[in-house]
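This report refers to the structure that appears directly beneath it.
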Amino acid sequence: MRLVRRHVSVAVAAVVAPLTAVAPACLPDIQFESAAADGGDGSVSFADTGMPNVDAAPSIIGPFANDQFSDYAQSGRCAVREGTLYCWGGLGSNLTGQLGLTPDTEDAGEYLLPTAVTMTAQPASQITQLAMGGLHTCTLYGRTTYCRGTNDDSQLGNPASQGGPVDVAVQGLPAGGLDFIAAADESTCGITLLPDAGSPSNVYCWGSNGEAQLGRPQNQLPGIAGPVTGALDGGPTGAIPDAIAIAGGGDHHCALTSSHVILCWGGTQYYESGPLQGSTDCPGGNETTCSDQPQTVTLPSSEPPEIPVAIALGFVHSCALAMSGNVYCWGWDNANQLGNTGVTQICTNANENTGPCTGTPVKVANLSGIRLLRAGGVDTCALDQAQHAHCWGYNGDGELGEGDTAPQTAPVVVADPQTGSPYTFDDLAVGAEGVCGRSGDTLYCWGNGVLGTEAPDSGTPTGLSPAPVQF
């Protein structure tokens with residue numbers, strides 16, 4: 001399945017945003033990030049961010065030390081290994097220099113094997129996070145943010161830049177910098193855990209605002225970063241002062257607050273931002289409805305209550321991990337990416353394609369005891385307590401890692417097709433047409449155009465099962 005975007009025909013996926021290190025002495029010196037065309041930062045969990053009650057659920061683990069993951073379109077991937085940044089991908093993965101390599105064309109310039117990137121603003125050893133969007137990549141060096149790739153829709157947050165493979169500094173951010181970033185298709189948002197005095201919000205966004213994904217009116221701060229200032233559920237403007245996690249999808253973003261509240265804004269046509277569809281005056285063209293007002297997304301009532309502790313966004317779907325280990329999803333379900341066959345409401349997209357959708361979170365079937373959640377364009381994956389990966393959604397390129405391309409309506413365990421034994425991973429990254437997982441100091445990928453091997457990107461699925469990347 002391919003989702004066609006207005007500026008380039010590519011597979012769509014969201015980006016998985018990494019977080020700060022936890023117990024660095026226990027893990028190898030390797031950081032991973034993956035990209036997926038026209039996607040957004042799909043998944044962000046929490047780390048040492050002061051979230052209440054985290055100690056009450058020690059099985060819910062955030063990111064790993066020295067481990068960065070994110071998934072963006074065009075099937076590109078990047079990894080920091082032993083102080084060097086490597087990137088790779090199939091045809092079209094570097095059209096605007098978003099991998100930090102010499103820009104290619106749709107007919108040439110693919111980087112099948114990991115290639116060292118030298119055009120970084122600071123040494124790669126200083127990279128603390130990578131976040132890849134549709135045609136741009138943003139990087140945190142400590143708390144300082146740089147971006148590269150296209151700047152056609154202000155994705156670089158620097159009006160003076162013409163775009164390309166060289167990092168440029170994002171303008172308009174708070175003086176103290178950012179702690180976490182999350183890229184969507186044409187926008188990026190970040191949060192600071194130490195907001196400037198007097199700032200109305202600790203969430204800052206830049207890039208395209210065509211679907212209100214910046215969380216502020218169209219005419220505010222064009223070209224540079226600025227705080228989310230949309231009215232919160234009809235309340236006062238600038239009402240997100242306590243975000244501790246941020247995620248990006250196709251044309252929407254979500255934040256998780258220190259009080260366990262999920263807030264989403266941007267595109268609403270498929271209910272990916274929650275139960276309200278917002279304004280019909282959406283100038284961007286991708287969505288017929290959108291909202292710059294963050295809305296609250298509430299998990300279903302239960303006893304004890306389901307408390308969200310992590311969020312993950314795909315292109316037009318969103319998911320949350322509860323402290324109980326259950327996973328809930330909402331938005332469009334055209335490829336079973338919600339993991340629940342009970343969704344009956346129908347949405348129609350801009351191309352007149354129809355599919356099930358819901359703005360009310362539904363529980364993912366046959367899944368429990370989850371400790372980590374990641375999402376991509378039309379797929380979602382999670383790790384359980386045994387570090388086994390469960391994936392659900394579109395499988396046309398082998399994204400589910402089960403050895404074939406058969407559609408599935410519920411999560412499947414990523415296992416060796418010969419022995420049936422589940423693989424074990426420390427972290428995952430879900431992209432447009434593929435998934436990567438880190439196991440110790442080895443990175444495995446499966447799907448199309450993401451393998452990091454000599455396998456040709458022929459359009460035919462070549463990575464139906466996990467295979468090690470050749471660094």
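The chains in the structure tokens are called A, B, ... from first to last as shown; in each chain the residues are counted from 1, and the ligands are counted from 1 in the order shown.
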
Out of range 305-409 of chain A, which residues get strand (DSSP E or B) from DSSP, as an mmCIF file with C-alpha atoms, in the first residue's frame?
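See result.cif below for the written result:
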```cif
data_model
loop_
_atom_site.group_PDB
_atom_site.id
_atom_site.type_symbol
_atom_site.label_atom_id
_atom_site.label_comp_id
_atom_site.auth_asym_id
_atom_site.auth_seq_id
_atom_site.Cartn_x
_atom_site.Cartn_y
_atom_site.Cartn_z
ATOM 1 C CA PRO A 308 -0.957 6.624 29.671
ATOM 2 C CA VAL A 309 2.826 6.544 30.040
ATOM 3 C CA ALA A 310 4.015 6.655 26.404
ATOM 4 C CA ILE A 311 2.731 7.753 22.993
ATOM 5 C CA ALA A 312 3.503 6.707 19.419
ATOM 6 C CA LEU A 313 2.171 8.175 16.171
ATOM 7 C CA HIS A 317 -3.100 6.837 13.504
ATOM 8 C CA SER A 318 -1.962 7.292 17.092
ATOM 9 C CA CYS A 319 -1.310 4.905 19.973
ATOM 10 C CA ALA A 320 -0.657 5.079 23.697
ATOM 11 C CA LEU A 321 0.907 2.650 26.147
ATOM 12 C CA ALA A 322 -0.829 2.397 29.508
ATOM 13 C CA VAL A 327 -1.910 -0.535 24.240
ATOM 14 C CA TYR A 328 -4.688 1.671 22.833
ATOM 15 C CA CYS A 329 -4.897 3.193 19.337
ATOM 16 C CA TRP A 330 -7.129 5.633 17.446
ATOM 17 C CA GLY A 331 -7.331 7.242 13.996
ATOM 18 C CA TRP A 332 -7.538 5.564 10.579
ATOM 19 C CA ILE A 346 -15.870 4.902 8.081
ATOM 20 C CA CYS A 347 -13.621 7.776 6.972
ATOM 21 C CA THR A 348 -12.810 8.876 3.413
ATOM 22 C CA THR A 354 -12.375 4.721 2.595
ATOM 23 C CA GLY A 355 -11.498 2.809 5.724
ATOM 24 C CA PRO A 356 -12.509 2.286 9.346
ATOM 25 C CA CYS A 357 -11.647 5.096 11.756
ATOM 26 C CA THR A 358 -12.276 6.201 15.317
ATOM 27 C CA GLY A 359 -11.401 9.100 17.566
ATOM 28 C CA THR A 360 -11.957 6.977 20.656
ATOM 29 C CA PRO A 361 -8.957 4.846 21.671
ATOM 30 C CA VAL A 362 -9.555 1.108 21.239
ATOM 31 C CA LYS A 363 -7.568 -1.615 22.974
ATOM 32 C CA ILE A 370 3.981 -4.263 26.846
ATOM 33 C CA ARG A 371 6.951 -2.182 27.968
ATOM 34 C CA LEU A 372 7.856 -0.159 24.863
ATOM 35 C CA LEU A 373 5.776 1.204 21.966
ATOM 36 C CA ARG A 374 6.799 2.406 18.485
ATOM 37 C CA ALA A 375 4.748 3.412 15.426
ATOM 38 C CA ASP A 379 2.297 -0.007 11.302
ATOM 39 C CA THR A 380 2.833 -0.248 15.043
ATOM 40 C CA CYS A 381 5.243 -2.447 17.004
ATOM 41 C CA ALA A 382 5.774 -3.084 20.696
ATOM 42 C CA LEU A 383 8.168 -4.959 22.981
ATOM 43 C CA ASP A 384 6.885 -7.188 25.755
ATOM 44 C CA HIS A 388 9.835 -10.024 21.954
ATOM 45 C CA ALA A 389 8.498 -7.725 19.226
ATOM 46 C CA HIS A 390 4.805 -7.684 18.325
ATOM 47 C CA CYS A 391 3.832 -5.832 15.137
ATOM 48 C CA TRP A 392 0.499 -5.054 13.486
ATOM 49 C CA GLY A 393 -0.732 -3.077 10.496
#
```

field: Distance of CA of Asp153 in chain A from CA of Ala432 in chain A, expressed in Å to one decimal place
entry: 21.0 Å

field: Long-range neighbours of Arg148 in chain A as a list in words, 7 Å cut-off, only C-alpha atoms, 2 positions minimum in chain
entry: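 Neighbouring residues, sequence-local ones excluded: Gln98, His136, Thr137, Cys138, Thr150, Leu156, Gly163, Gly164, Pro165, Val166, Asp167 and Val168 of chain A.
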
message: Just the number, please: distance in Å from CA of Thr280 in chain A to CA of Leu263 in chain A, one decimal.
response: 19.9 Å

Interatomic distance (Å, one decimal) between CA of Gly278 in chain A and CA of Gly266 in chain A: 9.0 Å

- prompt: Could you name the residues that touch His253 in chain A at 10 Å or less, counting only C-alpha atoms, but leaving out those on the same chain fewer than 5 positions away, as a ChimeraX atom specification?
  reply: /A:40-42,182-184,187-189,205,212-215,246-248,263-267,272-273,294,312-313,318

Please produce a file of those selected residues containing N, CA, C and O atoms, as a compact mmCIF listing (two decimals), in the first residue's frame.
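Just written: out.txt:
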```txt
# COMPACT_ATOMS: atom_id res chain seq x y z
N GLY A 40 6.47 10.97 10.16
CA GLY A 40 6.77 11.86 11.23
C GLY A 40 7.32 11.08 12.37
O GLY A 40 7.41 9.88 12.32
N ASP A 41 7.72 11.77 13.35
CA ASP A 41 8.30 11.12 14.50
C ASP A 41 7.21 10.34 15.17
O ASP A 41 6.34 10.88 15.79
N GLY A 42 7.31 9.05 15.07
CA GLY A 42 6.19 8.23 15.41
C GLY A 42 6.09 7.84 16.82
O GLY A 42 5.03 7.52 17.29
N ALA A 182 10.57 15.61 17.96
CA ALA A 182 9.81 14.61 17.23
C ALA A 182 9.39 15.21 15.89
O ALA A 182 8.75 16.26 15.86
N ALA A 183 9.75 14.56 14.79
CA ALA A 183 9.46 15.08 13.46
C ALA A 183 8.22 14.43 12.88
O ALA A 183 8.02 13.22 12.99
N ALA A 184 7.38 15.23 12.24
CA ALA A 184 6.27 14.75 11.44
C ALA A 184 6.67 14.91 9.97
O ALA A 184 7.85 15.13 9.66
N SER A 187 6.93 18.98 9.57
CA SER A 187 7.08 19.80 10.77
C SER A 187 7.84 19.03 11.83
O SER A 187 7.99 17.81 11.75
N THR A 188 8.31 19.76 12.83
CA THR A 188 9.00 19.16 13.97
C THR A 188 8.57 19.89 15.22
O THR A 188 8.38 21.11 15.20
N CYS A 189 8.40 19.16 16.31
CA CYS A 189 8.12 19.78 17.60
C CYS A 189 9.12 19.25 18.62
O CYS A 189 9.66 18.16 18.48
N CYS A 205 7.30 24.28 18.10
CA CYS A 205 7.16 23.62 16.81
C CYS A 205 7.61 24.54 15.68
O CYS A 205 7.56 25.77 15.79
N ALA A 212 -2.31 22.94 10.67
CA ALA A 212 -2.29 23.41 12.06
C ALA A 212 -1.40 22.55 12.95
O ALA A 212 -1.56 22.52 14.17
N GLN A 213 -0.43 21.85 12.34
CA GLN A 213 0.41 20.95 13.12
C GLN A 213 1.41 21.68 14.01
O GLN A 213 2.09 21.05 14.84
N LEU A 214 1.50 23.01 13.88
CA LEU A 214 2.37 23.78 14.78
C LEU A 214 1.63 24.22 16.04
O LEU A 214 2.23 24.79 16.95
N GLY A 215 0.33 23.99 16.07
CA GLY A 215 -0.44 24.32 17.26
C GLY A 215 -0.57 25.81 17.51
O GLY A 215 -0.68 26.24 18.66
N ILE A 246 6.87 13.99 23.49
CA ILE A 246 6.33 14.58 22.26
C ILE A 246 6.45 13.56 21.14
O ILE A 246 7.40 12.77 21.11
N ALA A 247 5.48 13.53 20.25
CA ALA A 247 5.51 12.60 19.12
C ALA A 247 4.92 13.28 17.90
O ALA A 247 4.11 14.20 18.01
N GLY A 248 5.33 12.85 16.70
CA GLY A 248 4.84 13.41 15.46
C GLY A 248 4.36 12.33 14.52
O GLY A 248 4.93 11.24 14.46
N LEU A 263 -2.40 15.10 24.77
CA LEU A 263 -2.91 16.25 24.02
C LEU A 263 -2.45 16.14 22.58
O LEU A 263 -1.26 15.90 22.32
N CYS A 264 -3.36 16.30 21.62
CA CYS A 264 -3.02 16.19 20.20
C CYS A 264 -3.58 17.38 19.42
O CYS A 264 -4.63 17.93 19.76
N TRP A 265 -2.89 17.74 18.33
CA TRP A 265 -3.33 18.85 17.48
C TRP A 265 -2.83 18.59 16.06
O TRP A 265 -1.99 17.76 15.81
N GLY A 266 -3.39 19.37 15.11
CA GLY A 266 -3.03 19.21 13.70
C GLY A 266 -4.16 18.58 12.92
O GLY A 266 -5.34 18.91 13.12
N GLY A 267 -3.84 17.67 11.99
CA GLY A 267 -4.85 17.04 11.17
C GLY A 267 -5.84 16.23 11.98
O GLY A 267 -5.48 15.54 12.94
N GLU A 272 -7.17 11.18 13.92
CA GLU A 272 -5.87 10.82 14.46
C GLU A 272 -5.46 11.70 15.63
O GLU A 272 -4.58 11.33 16.42
N SER A 273 -6.09 12.88 15.75
CA SER A 273 -5.79 13.77 16.87
C SER A 273 -6.82 13.66 17.99
O SER A 273 -6.77 14.43 18.95
N PRO A 294 -4.98 22.05 20.87
CA PRO A 294 -4.75 20.70 21.39
C PRO A 294 -5.99 20.15 22.10
O PRO A 294 -6.61 20.84 22.91
N ALA A 312 2.85 7.04 20.68
CA ALA A 312 3.50 6.71 19.42
C ALA A 312 2.55 7.03 18.29
O ALA A 312 1.38 6.65 18.34
N LEU A 313 3.03 7.72 17.26
CA LEU A 313 2.17 8.18 16.17
C LEU A 313 2.61 7.60 14.84
O LEU A 313 3.80 7.55 14.53
N SER A 318 -2.70 6.97 15.87
CA SER A 318 -1.96 7.29 17.09
C SER A 318 -2.19 6.17 18.10
O SER A 318 -3.24 5.53 18.11
```

message: Give me the residues near Gly223 in chain A as number ranges by chain, where near means some atom within 7 Å (using only C-alpha atoms) and where sequence neighbours in that chain fewer than 3 positions away do not count.
response: A: 154, 157-159, 207

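Using only C-alpha atoms, the nearest neighbour of Asn202 in chain A within the list A:Ala169, A:Ala415, A:Ala243, A:Pro222 is A:Ala243.
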